[in-house]
Structures are given as C-alpha cells and as structure tokens.
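Engineer: Got a file for you: data.cif, mmCIF, N, CA and C atoms.
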data_work
#
loop_
_atom_site.label_atom_id
_atom_site.label_comp_id
_atom_site.auth_asym_id
_atom_site.auth_seq_id
_atom_site.Cartn_x
_atom_site.Cartn_y
_atom_site.Cartn_z
N MET A 1028 37.37 41.19 21.24
CA MET A 1028 36.38 40.17 21.35
C MET A 1028 35.13 40.72 22.04
N LYS A 1029 35.34 41.67 22.94
CA LYS A 1029 34.20 42.24 23.61
C LYS A 1029 33.35 43.06 22.65
N ARG A 1030 33.96 43.67 21.66
CA ARG A 1030 33.22 44.45 20.67
C ARG A 1030 32.31 43.54 19.85
N GLU A 1031 32.84 42.38 19.47
CA GLU A 1031 32.03 41.43 18.70
C GLU A 1031 30.86 40.92 19.53
N ASP A 1032 31.08 40.63 20.80
CA ASP A 1032 30.00 40.18 21.68
C ASP A 1032 28.93 41.26 21.83
N GLU A 1033 29.38 42.50 21.99
CA GLU A 1033 28.44 43.61 22.14
C GLU A 1033 27.62 43.80 20.87
N SER A 1034 28.25 43.71 19.70
CA SER A 1034 27.50 43.89 18.45
C SER A 1034 26.53 42.72 18.22
N ALA A 1035 26.93 41.51 18.61
CA ALA A 1035 26.03 40.37 18.47
C ALA A 1035 24.83 40.53 19.39
N ARG A 1036 25.02 41.04 20.60
CA ARG A 1036 23.92 41.27 21.52
C ARG A 1036 22.95 42.31 20.97
N LYS A 1037 23.49 43.38 20.39
CA LYS A 1037 22.63 44.42 19.83
C LYS A 1037 21.80 43.87 18.66
N LEU A 1038 22.43 43.05 17.82
CA LEU A 1038 21.69 42.47 16.69
C LEU A 1038 20.58 41.53 17.17
N PHE A 1039 20.87 40.72 18.18
CA PHE A 1039 19.83 39.85 18.73
C PHE A 1039 18.70 40.64 19.37
N GLN A 1040 19.02 41.73 20.02
CA GLN A 1040 18.00 42.58 20.63
C GLN A 1040 17.11 43.19 19.55
N GLN A 1041 17.69 43.63 18.45
CA GLN A 1041 16.90 44.19 17.34
C GLN A 1041 15.98 43.12 16.75
N LEU A 1042 16.48 41.89 16.60
CA LEU A 1042 15.65 40.81 16.07
C LEU A 1042 14.48 40.51 17.00
N ARG A 1043 14.72 40.51 18.32
CA ARG A 1043 13.65 40.27 19.27
C ARG A 1043 12.57 41.35 19.19
N GLU A 1044 12.98 42.59 19.10
CA GLU A 1044 12.02 43.69 19.01
C GLU A 1044 11.21 43.60 17.73
N GLU A 1045 11.86 43.24 16.63
CA GLU A 1045 11.15 43.10 15.35
C GLU A 1045 10.16 41.94 15.39
N ASP A 1046 10.55 40.84 16.00
CA ASP A 1046 9.64 39.69 16.13
C ASP A 1046 8.46 40.05 17.02
N ALA A 1047 8.69 40.79 18.09
CA ALA A 1047 7.60 41.18 18.99
C ALA A 1047 6.60 42.08 18.27
N ARG A 1048 7.07 42.94 17.38
CA ARG A 1048 6.16 43.82 16.63
C ARG A 1048 5.36 43.05 15.59
N SER A 1049 5.98 42.06 14.92
CA SER A 1049 5.29 41.38 13.81
C SER A 1049 4.47 40.16 14.24
N ALA A 1050 4.77 39.59 15.38
CA ALA A 1050 4.06 38.38 15.83
C ALA A 1050 2.71 38.75 16.43
N PRO A 1051 1.66 37.93 16.17
CA PRO A 1051 0.36 38.20 16.79
C PRO A 1051 0.42 37.88 18.28
N SER A 1052 -0.50 38.46 19.01
CA SER A 1052 -0.48 38.26 20.45
C SER A 1052 -0.98 36.86 20.79
N PHE A 1053 -0.51 36.34 21.91
CA PHE A 1053 -0.89 35.01 22.33
C PHE A 1053 -2.36 34.95 22.72
N THR A 1054 -2.85 35.98 23.34
CA THR A 1054 -4.26 35.99 23.78
C THR A 1054 -5.19 35.91 22.57
N HIS A 1055 -4.84 36.56 21.48
CA HIS A 1055 -5.67 36.48 20.27
C HIS A 1055 -5.71 35.04 19.74
N ASP A 1056 -4.55 34.40 19.64
CA ASP A 1056 -4.50 33.03 19.15
C ASP A 1056 -5.24 32.07 20.09
N TRP A 1057 -5.09 32.30 21.39
CA TRP A 1057 -5.76 31.44 22.36
C TRP A 1057 -7.28 31.57 22.25
N ASN A 1058 -7.77 32.77 22.07
CA ASN A 1058 -9.22 32.99 21.93
C ASN A 1058 -9.76 32.36 20.65
N VAL A 1059 -8.99 32.41 19.58
CA VAL A 1059 -9.42 31.78 18.32
C VAL A 1059 -9.48 30.26 18.49
N ALA A 1060 -8.50 29.69 19.18
CA ALA A 1060 -8.50 28.24 19.40
C ALA A 1060 -9.69 27.83 20.26
N LEU A 1061 -9.99 28.59 21.28
CA LEU A 1061 -11.14 28.26 22.12
C LEU A 1061 -12.46 28.37 21.37
N SER A 1062 -12.57 29.35 20.50
CA SER A 1062 -13.82 29.51 19.75
C SER A 1062 -14.01 28.36 18.76
N ARG A 1063 -12.95 27.84 18.20
CA ARG A 1063 -13.07 26.71 17.27
C ARG A 1063 -13.40 25.41 17.99
N ARG A 1064 -12.96 25.29 19.23
CA ARG A 1064 -13.21 24.08 19.98
C ARG A 1064 -14.69 23.94 20.32
N ASP A 1065 -15.36 25.03 20.53
CA ASP A 1065 -16.76 25.00 20.92
C ASP A 1065 -17.71 24.73 19.75
N LYS A 1066 -17.24 24.86 18.50
CA LYS A 1066 -18.12 24.64 17.34
C LYS A 1066 -18.36 23.14 17.16
N PRO A 1067 -19.58 22.76 16.87
CA PRO A 1067 -19.85 21.33 16.64
C PRO A 1067 -19.25 20.88 15.31
N ARG A 1068 -18.87 19.63 15.26
CA ARG A 1068 -18.27 19.07 14.04
C ARG A 1068 -19.28 18.19 13.33
N ARG A 1069 -20.32 18.75 12.92
CA ARG A 1069 -21.39 17.99 12.25
C ARG A 1069 -20.99 17.53 10.86
N ARG A 1070 -20.14 18.30 10.21
CA ARG A 1070 -19.75 17.93 8.85
C ARG A 1070 -19.00 16.60 8.86
N TRP A 1071 -18.07 16.42 9.78
CA TRP A 1071 -17.31 15.17 9.86
C TRP A 1071 -18.19 14.02 10.33
N ALA A 1072 -19.13 14.30 11.18
CA ALA A 1072 -20.03 13.26 11.64
C ALA A 1072 -20.87 12.73 10.48
N ALA A 1073 -21.29 13.60 9.59
CA ALA A 1073 -22.07 13.17 8.42
C ALA A 1073 -21.23 12.28 7.51
N TRP A 1074 -19.95 12.65 7.31
CA TRP A 1074 -19.09 11.82 6.47
C TRP A 1074 -18.84 10.46 7.11
N ARG A 1075 -18.67 10.42 8.41
CA ARG A 1075 -18.47 9.14 9.09
C ARG A 1075 -19.69 8.26 8.97
N LEU A 1076 -20.86 8.85 9.12
CA LEU A 1076 -22.09 8.09 8.99
C LEU A 1076 -22.24 7.54 7.57
N ALA A 1077 -21.93 8.35 6.58
CA ALA A 1077 -22.03 7.91 5.18
C ALA A 1077 -21.03 6.78 4.89
N ALA A 1078 -19.81 6.90 5.41
CA ALA A 1078 -18.80 5.86 5.17
C ALA A 1078 -19.20 4.56 5.86
N GLY A 1079 -19.76 4.64 7.06
CA GLY A 1079 -20.22 3.44 7.75
C GLY A 1079 -21.36 2.76 7.02
N ALA A 1080 -22.30 3.55 6.50
CA ALA A 1080 -23.42 2.98 5.75
C ALA A 1080 -22.93 2.32 4.46
N ALA A 1081 -21.98 2.96 3.79
CA ALA A 1081 -21.44 2.37 2.55
C ALA A 1081 -20.71 1.05 2.84
N ALA A 1082 -19.97 1.00 3.95
CA ALA A 1082 -19.27 -0.24 4.31
C ALA A 1082 -20.27 -1.35 4.62
N LEU A 1083 -21.34 -1.02 5.31
CA LEU A 1083 -22.35 -2.04 5.61
C LEU A 1083 -23.04 -2.54 4.34
N ILE A 1084 -23.31 -1.64 3.41
CA ILE A 1084 -23.94 -2.04 2.14
C ILE A 1084 -23.01 -2.97 1.37
N LEU A 1085 -21.73 -2.61 1.29
CA LEU A 1085 -20.78 -3.46 0.56
C LEU A 1085 -20.61 -4.82 1.24
N LEU A 1086 -20.56 -4.83 2.55
CA LEU A 1086 -20.44 -6.09 3.28
C LEU A 1086 -21.67 -6.97 3.06
N GLY A 1087 -22.84 -6.36 3.09
CA GLY A 1087 -24.08 -7.12 2.86
C GLY A 1087 -24.15 -7.67 1.45
N ALA A 1088 -23.78 -6.86 0.46
CA ALA A 1088 -23.83 -7.32 -0.93
C ALA A 1088 -22.81 -8.44 -1.16
N GLY A 1089 -21.63 -8.32 -0.58
CA GLY A 1089 -20.62 -9.36 -0.75
C GLY A 1089 -21.04 -10.67 -0.12
N SER A 1090 -21.59 -10.60 1.09
CA SER A 1090 -22.02 -11.84 1.73
C SER A 1090 -23.22 -12.45 1.01
N TRP A 1091 -24.11 -11.62 0.50
CA TRP A 1091 -25.25 -12.14 -0.26
C TRP A 1091 -24.77 -12.88 -1.51
N MET A 1092 -23.79 -12.31 -2.22
CA MET A 1092 -23.27 -12.97 -3.43
C MET A 1092 -22.54 -14.26 -3.07
N PHE A 1093 -21.82 -14.25 -1.96
CA PHE A 1093 -21.08 -15.46 -1.56
C PHE A 1093 -22.05 -16.58 -1.22
N PHE A 1094 -23.06 -16.30 -0.42
CA PHE A 1094 -24.00 -17.35 -0.03
C PHE A 1094 -24.88 -17.78 -1.19
N ARG A 1095 -25.17 -16.87 -2.10
CA ARG A 1095 -25.95 -17.24 -3.28
C ARG A 1095 -25.16 -18.22 -4.15
N GLN A 1096 -23.86 -17.97 -4.28
CA GLN A 1096 -23.01 -18.86 -5.08
C GLN A 1096 -22.86 -20.21 -4.39
N ALA A 1097 -22.77 -20.22 -3.06
CA ALA A 1097 -22.56 -21.46 -2.32
C ALA A 1097 -23.81 -22.34 -2.30
N THR A 1098 -24.98 -21.76 -2.44
CA THR A 1098 -26.22 -22.54 -2.35
C THR A 1098 -26.90 -22.70 -3.70
N LYS A 1099 -26.15 -22.68 -4.79
CA LYS A 1099 -26.74 -22.91 -6.11
C LYS A 1099 -27.27 -24.34 -6.18
N PRO A 1100 -28.32 -24.56 -6.93
CA PRO A 1100 -28.84 -25.94 -7.08
C PRO A 1100 -27.81 -26.85 -7.74
N GLN A 1101 -27.93 -28.13 -7.44
CA GLN A 1101 -26.98 -29.12 -7.96
C GLN A 1101 -27.08 -29.24 -9.48
N ALA A 1102 -28.25 -29.05 -10.05
CA ALA A 1102 -28.41 -29.16 -11.51
C ALA A 1102 -27.60 -28.10 -12.22
N ALA A 1103 -27.51 -26.92 -11.66
CA ALA A 1103 -26.73 -25.87 -12.28
C ALA A 1103 -25.24 -26.19 -12.22
N MET A 1104 -24.79 -26.85 -11.18
CA MET A 1104 -23.39 -27.20 -11.06
C MET A 1104 -23.00 -28.33 -11.99
N GLU A 1105 -23.93 -29.21 -12.34
CA GLU A 1105 -23.59 -30.33 -13.22
C GLU A 1105 -23.28 -29.86 -14.63
N SER A 1106 -23.82 -28.73 -15.03
CA SER A 1106 -23.52 -28.23 -16.36
C SER A 1106 -22.07 -27.78 -16.47
N VAL A 1107 -21.43 -27.50 -15.35
CA VAL A 1107 -20.04 -27.07 -15.36
C VAL A 1107 -19.10 -28.26 -15.36
N ARG A 1108 -19.53 -29.40 -14.85
CA ARG A 1108 -18.67 -30.58 -14.75
C ARG A 1108 -18.36 -31.17 -16.12
N PRO A 1109 -17.22 -31.84 -16.26
CA PRO A 1109 -16.90 -32.49 -17.53
C PRO A 1109 -17.80 -33.70 -17.77
N ASP A 1110 -17.78 -34.16 -18.99
CA ASP A 1110 -18.63 -35.28 -19.41
C ASP A 1110 -18.23 -36.54 -18.64
N PRO A 1111 -19.14 -37.16 -17.88
CA PRO A 1111 -18.78 -38.36 -17.12
C PRO A 1111 -18.58 -39.59 -17.99
N SER A 1112 -19.07 -39.59 -19.22
CA SER A 1112 -18.91 -40.76 -20.08
C SER A 1112 -17.48 -40.93 -20.57
N ALA A 1113 -16.65 -39.92 -20.41
CA ALA A 1113 -15.26 -40.02 -20.86
C ALA A 1113 -14.50 -41.06 -20.05
N HIS A 1114 -14.83 -41.23 -18.78
CA HIS A 1114 -14.14 -42.20 -17.93
C HIS A 1114 -15.10 -43.30 -17.47
N ALA A 1115 -16.08 -43.61 -18.25
CA ALA A 1115 -17.07 -44.61 -17.84
C ALA A 1115 -16.47 -46.02 -17.81
N ALA A 1116 -15.42 -46.29 -18.60
CA ALA A 1116 -14.85 -47.63 -18.66
C ALA A 1116 -14.07 -47.96 -17.39
N THR A 1117 -13.48 -47.00 -16.74
CA THR A 1117 -12.69 -47.28 -15.54
C THR A 1117 -13.41 -46.72 -14.31
N PRO A 1118 -13.46 -47.49 -13.26
CA PRO A 1118 -14.11 -47.00 -12.03
C PRO A 1118 -13.33 -45.83 -11.43
N PRO A 1119 -14.03 -44.94 -10.74
CA PRO A 1119 -13.36 -43.77 -10.17
C PRO A 1119 -12.30 -44.13 -9.13
N ALA A 1120 -12.48 -45.24 -8.42
CA ALA A 1120 -11.49 -45.62 -7.41
C ALA A 1120 -10.14 -45.90 -8.04
N ILE A 1121 -10.13 -46.50 -9.21
CA ILE A 1121 -8.87 -46.79 -9.89
C ILE A 1121 -8.24 -45.50 -10.39
N LEU A 1122 -9.05 -44.58 -10.89
CA LEU A 1122 -8.52 -43.31 -11.37
C LEU A 1122 -7.87 -42.53 -10.22
N ILE A 1123 -8.51 -42.54 -9.07
CA ILE A 1123 -7.96 -41.81 -7.93
C ILE A 1123 -6.67 -42.48 -7.45
N SER A 1124 -6.61 -43.78 -7.46
CA SER A 1124 -5.41 -44.46 -6.97
C SER A 1124 -4.23 -44.28 -7.92
N GLN A 1125 -4.46 -43.97 -9.17
CA GLN A 1125 -3.37 -43.79 -10.12
C GLN A 1125 -2.91 -42.35 -10.23
N TRP A 1126 -3.58 -41.45 -9.55
CA TRP A 1126 -3.21 -40.05 -9.64
C TRP A 1126 -1.89 -39.80 -8.95
N ARG A 1127 -1.05 -38.99 -9.54
CA ARG A 1127 0.24 -38.62 -8.97
C ARG A 1127 0.34 -37.09 -8.93
N SER A 1128 0.96 -36.63 -7.92
CA SER A 1128 1.16 -35.19 -7.77
C SER A 1128 2.11 -34.69 -8.85
N PRO A 1129 1.88 -33.50 -9.39
CA PRO A 1129 2.80 -32.97 -10.40
C PRO A 1129 4.20 -32.71 -9.83
N THR A 1130 4.31 -32.53 -8.54
CA THR A 1130 5.61 -32.26 -7.94
C THR A 1130 6.20 -33.47 -7.24
N GLU A 1131 5.68 -34.65 -7.53
CA GLU A 1131 6.17 -35.87 -6.87
C GLU A 1131 7.64 -36.13 -7.19
N SER A 1132 8.07 -35.80 -8.38
CA SER A 1132 9.46 -36.07 -8.75
C SER A 1132 10.42 -35.20 -7.93
N LEU A 1133 9.95 -34.08 -7.43
CA LEU A 1133 10.82 -33.23 -6.62
C LEU A 1133 11.06 -33.82 -5.23
N LEU A 1134 10.19 -34.73 -4.81
CA LEU A 1134 10.33 -35.33 -3.49
C LEU A 1134 11.22 -36.56 -3.49
N ARG A 1135 11.60 -37.03 -4.64
CA ARG A 1135 12.47 -38.21 -4.72
C ARG A 1135 13.92 -37.78 -4.54
N THR A 1136 14.62 -38.52 -3.71
CA THR A 1136 16.02 -38.20 -3.46
C THR A 1136 16.86 -39.43 -3.71
N PRO A 1137 18.13 -39.26 -4.03
CA PRO A 1137 18.99 -40.41 -4.19
C PRO A 1137 19.15 -41.13 -2.85
N GLY A 1138 19.05 -42.42 -2.86
CA GLY A 1138 19.20 -43.22 -1.65
C GLY A 1138 17.94 -43.29 -0.82
N GLU A 1139 16.80 -42.98 -1.41
CA GLU A 1139 15.56 -43.01 -0.63
C GLU A 1139 15.17 -44.44 -0.25
N GLN A 1140 15.67 -45.44 -0.97
CA GLN A 1140 15.34 -46.82 -0.61
C GLN A 1140 15.94 -47.19 0.75
N LEU A 1141 16.96 -46.46 1.19
CA LEU A 1141 17.53 -46.71 2.51
C LEU A 1141 16.55 -46.35 3.62
N PHE A 1142 15.64 -45.43 3.35
CA PHE A 1142 14.72 -44.95 4.37
C PHE A 1142 13.35 -45.61 4.29
N LYS A 1143 13.13 -46.49 3.36
CA LYS A 1143 11.81 -47.10 3.20
C LYS A 1143 11.60 -48.32 4.09
N ARG A 1144 12.68 -48.91 4.60
CA ARG A 1144 12.52 -50.07 5.47
C ARG A 1144 13.60 -50.06 6.54
N VAL A 1145 13.38 -50.83 7.56
CA VAL A 1145 14.33 -50.91 8.67
C VAL A 1145 15.52 -51.76 8.24
N PRO A 1146 16.73 -51.27 8.44
CA PRO A 1146 17.89 -52.07 8.01
C PRO A 1146 18.11 -53.28 8.91
N ARG A 1147 18.65 -54.31 8.32
CA ARG A 1147 18.98 -55.53 9.08
C ARG A 1147 20.49 -55.63 9.17
N LEU A 1148 20.95 -56.24 10.24
CA LEU A 1148 22.38 -56.32 10.44
C LEU A 1148 23.05 -57.37 9.56
N ASP A 1149 22.33 -58.39 9.14
CA ASP A 1149 22.96 -59.45 8.37
C ASP A 1149 22.89 -59.25 6.86
N GLU A 1150 22.38 -58.13 6.40
CA GLU A 1150 22.34 -57.91 4.95
C GLU A 1150 22.72 -56.47 4.63
N SER A 1151 23.16 -56.25 3.42
CA SER A 1151 23.57 -54.93 2.99
C SER A 1151 22.77 -54.55 1.74
N LEU A 1152 22.48 -53.31 1.62
CA LEU A 1152 21.79 -52.85 0.42
C LEU A 1152 22.76 -52.68 -0.74
N LEU A 1153 24.01 -52.55 -0.43
CA LEU A 1153 25.03 -52.43 -1.46
C LEU A 1153 25.51 -53.82 -1.83
N ASN A 1154 25.47 -54.11 -3.09
CA ASN A 1154 25.90 -55.44 -3.56
C ASN A 1154 27.41 -55.43 -3.79
N ILE A 1155 28.14 -55.77 -2.75
CA ILE A 1155 29.60 -55.86 -2.85
C ILE A 1155 29.99 -57.31 -2.63
N LYS A 1156 30.69 -57.87 -3.60
CA LYS A 1156 31.14 -59.25 -3.47
C LYS A 1156 32.51 -59.26 -2.82
N VAL A 1157 32.54 -59.92 -1.71
CA VAL A 1157 33.79 -60.00 -0.95
C VAL A 1157 34.25 -61.44 -0.97
N THR A 1158 35.47 -61.61 -1.31
CA THR A 1158 36.03 -62.96 -1.27
C THR A 1158 37.06 -63.02 -0.16
N ILE A 1159 36.84 -63.94 0.72
CA ILE A 1159 37.76 -64.13 1.82
C ILE A 1159 38.49 -65.44 1.58
N PRO A 1160 39.78 -65.41 1.45
CA PRO A 1160 40.52 -66.66 1.23
C PRO A 1160 40.50 -67.51 2.51
N ASP A 1161 40.52 -68.78 2.30
CA ASP A 1161 40.54 -69.70 3.43
C ASP A 1161 41.84 -69.55 4.20
N GLN A 1162 41.78 -69.89 5.42
CA GLN A 1162 42.96 -69.81 6.26
C GLN A 1162 44.02 -70.83 5.82
N GLU A 1163 43.54 -71.98 5.37
CA GLU A 1163 44.47 -73.02 4.98
C GLU A 1163 45.25 -72.64 3.74
N THR A 1164 44.59 -72.05 2.74
CA THR A 1164 45.29 -71.68 1.53
C THR A 1164 46.28 -70.57 1.80
N LYS A 1165 45.95 -69.77 2.71
CA LYS A 1165 46.84 -68.69 3.04
C LYS A 1165 48.11 -69.22 3.73
N LEU A 1166 47.94 -70.18 4.58
CA LEU A 1166 49.11 -70.77 5.26
C LEU A 1166 49.98 -71.53 4.28
N GLU A 1167 49.39 -72.18 3.30
CA GLU A 1167 50.18 -72.94 2.34
C GLU A 1167 51.03 -72.06 1.47
N GLU A 1168 50.51 -70.88 1.17
CA GLU A 1168 51.27 -69.98 0.31
C GLU A 1168 52.49 -69.43 1.02
N ILE A 1169 52.45 -69.32 2.29
CA ILE A 1169 53.56 -68.73 3.04
C ILE A 1169 54.66 -69.71 3.15
#
Output the file's structure as structure tokens, nothing else.
Structural biologist:
Amino acid sequence: MKREDESARKLFQQLREEDARSAPSFTHDWNVALSRRDKPRRRWAAWRLAAGAAALILLGAGSWMFFRQATKPQAAMESVRPDPSAHAATPPAILISQWRSPTESLLRTPGEQLFKRVPRLDESLLNIKVTIPDQETKLEEI
C-alpha cells in the first residue's frame, strides 16, 4: 500500500510541475486586469444613451397617439355609431331595462326562490298537503 501511495504522490508532483510551467503568471494577469479597469467605457455609454433616447421617442409617440385618439371630435365618432333610427320607436330607457347579461343563466341555481325573501314560520314554500285526522274519529276507531 505504501508503494501505491508513493507512486500517487510522484504523479501528483509531476502534474503540479507541469501546471506551473504551462500556467501564466499571476502578476501578468493582475496587470492586464488593472490596465482594462482604467480604460473608459465610452462605447457602452453611447449605447445606453441611444437606448434611452429610443425609449423616450417611443413613449412620446405612444402617448401622442393615445391622447389624439381620446380627443377626437364628436362628429368623427358619430360616423362609427350604429344608425339611431333603428330603435327610434322604443325609448332608450326601456331598451336598457330589458337588457340581460349573456351569462345570466349561469347564475341561476335550483332553489334560488328560497333566498329571494325572508322565510315565515307559518308558511312553507313546499306545497305538501297534510291531513290530520280528528281526535274523535281516531278514538271511535279504536
């Protein structure tokens, strides 16, 4: 076992020596990093300025189009509306009161009439006919 340990140590030592010969020195890499740090980054600053200007132009154009659309004259909007003579016979208040939501049927549940009014103790919503025999007839049968 000692022979294997010794051979493994020799192999690791050879690898270390080979890495030391092929690896660049730390001082060289450190000097290169320091020289790059001192250079101004004008190229990136120009791109940032251009991107900011483009964003401002797009924001301005979008807001201009939005406000232009919102402040169109009323005459231009009337050309888009449907013909008012189609419903001239019925007043608009009646038309609005008759409107129903397309999903109204989904809101209806079985037994909803139970929740539409306060229940009373002397009446039932279920129509069940109950016949109670008189006490006298019951005694006569016995």
Engineer: Quick check, in Å to one decimal: how far apart do atom C of Gln1140 of chain A and atom N of Ile1155 of chain A lie?
Structural biologist: 15.3 Å
Engineer: If you measure from atom CA of Arg1048 of chain A to atom CA of Glu1033 of chain A, what distance in Å do you get, rounded to one decimal?
Structural biologist: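 A separation of 23.0 Å between them.
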Engineer: Would you mind reading off the distance between atom CA of Ala1082 of chain A and atom C of Thr1098 of chain A, one decimal, in Å?
Structural biologist: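 Distance reported for this atom pair: 25.0 Å.
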Engineer: Quick one: axis-aligned box around all listed atoms of segment 1032-1044 of chain A, 8 Å on every side, centre and edge lengths in Å to one decimal, written as JSON.
Structural biologist:
{"center_x": 21.1, "center_y": 42.1, "center_z": 19.1, "size_x": 35.9, "size_y": 20.6, "size_z": 22.1}
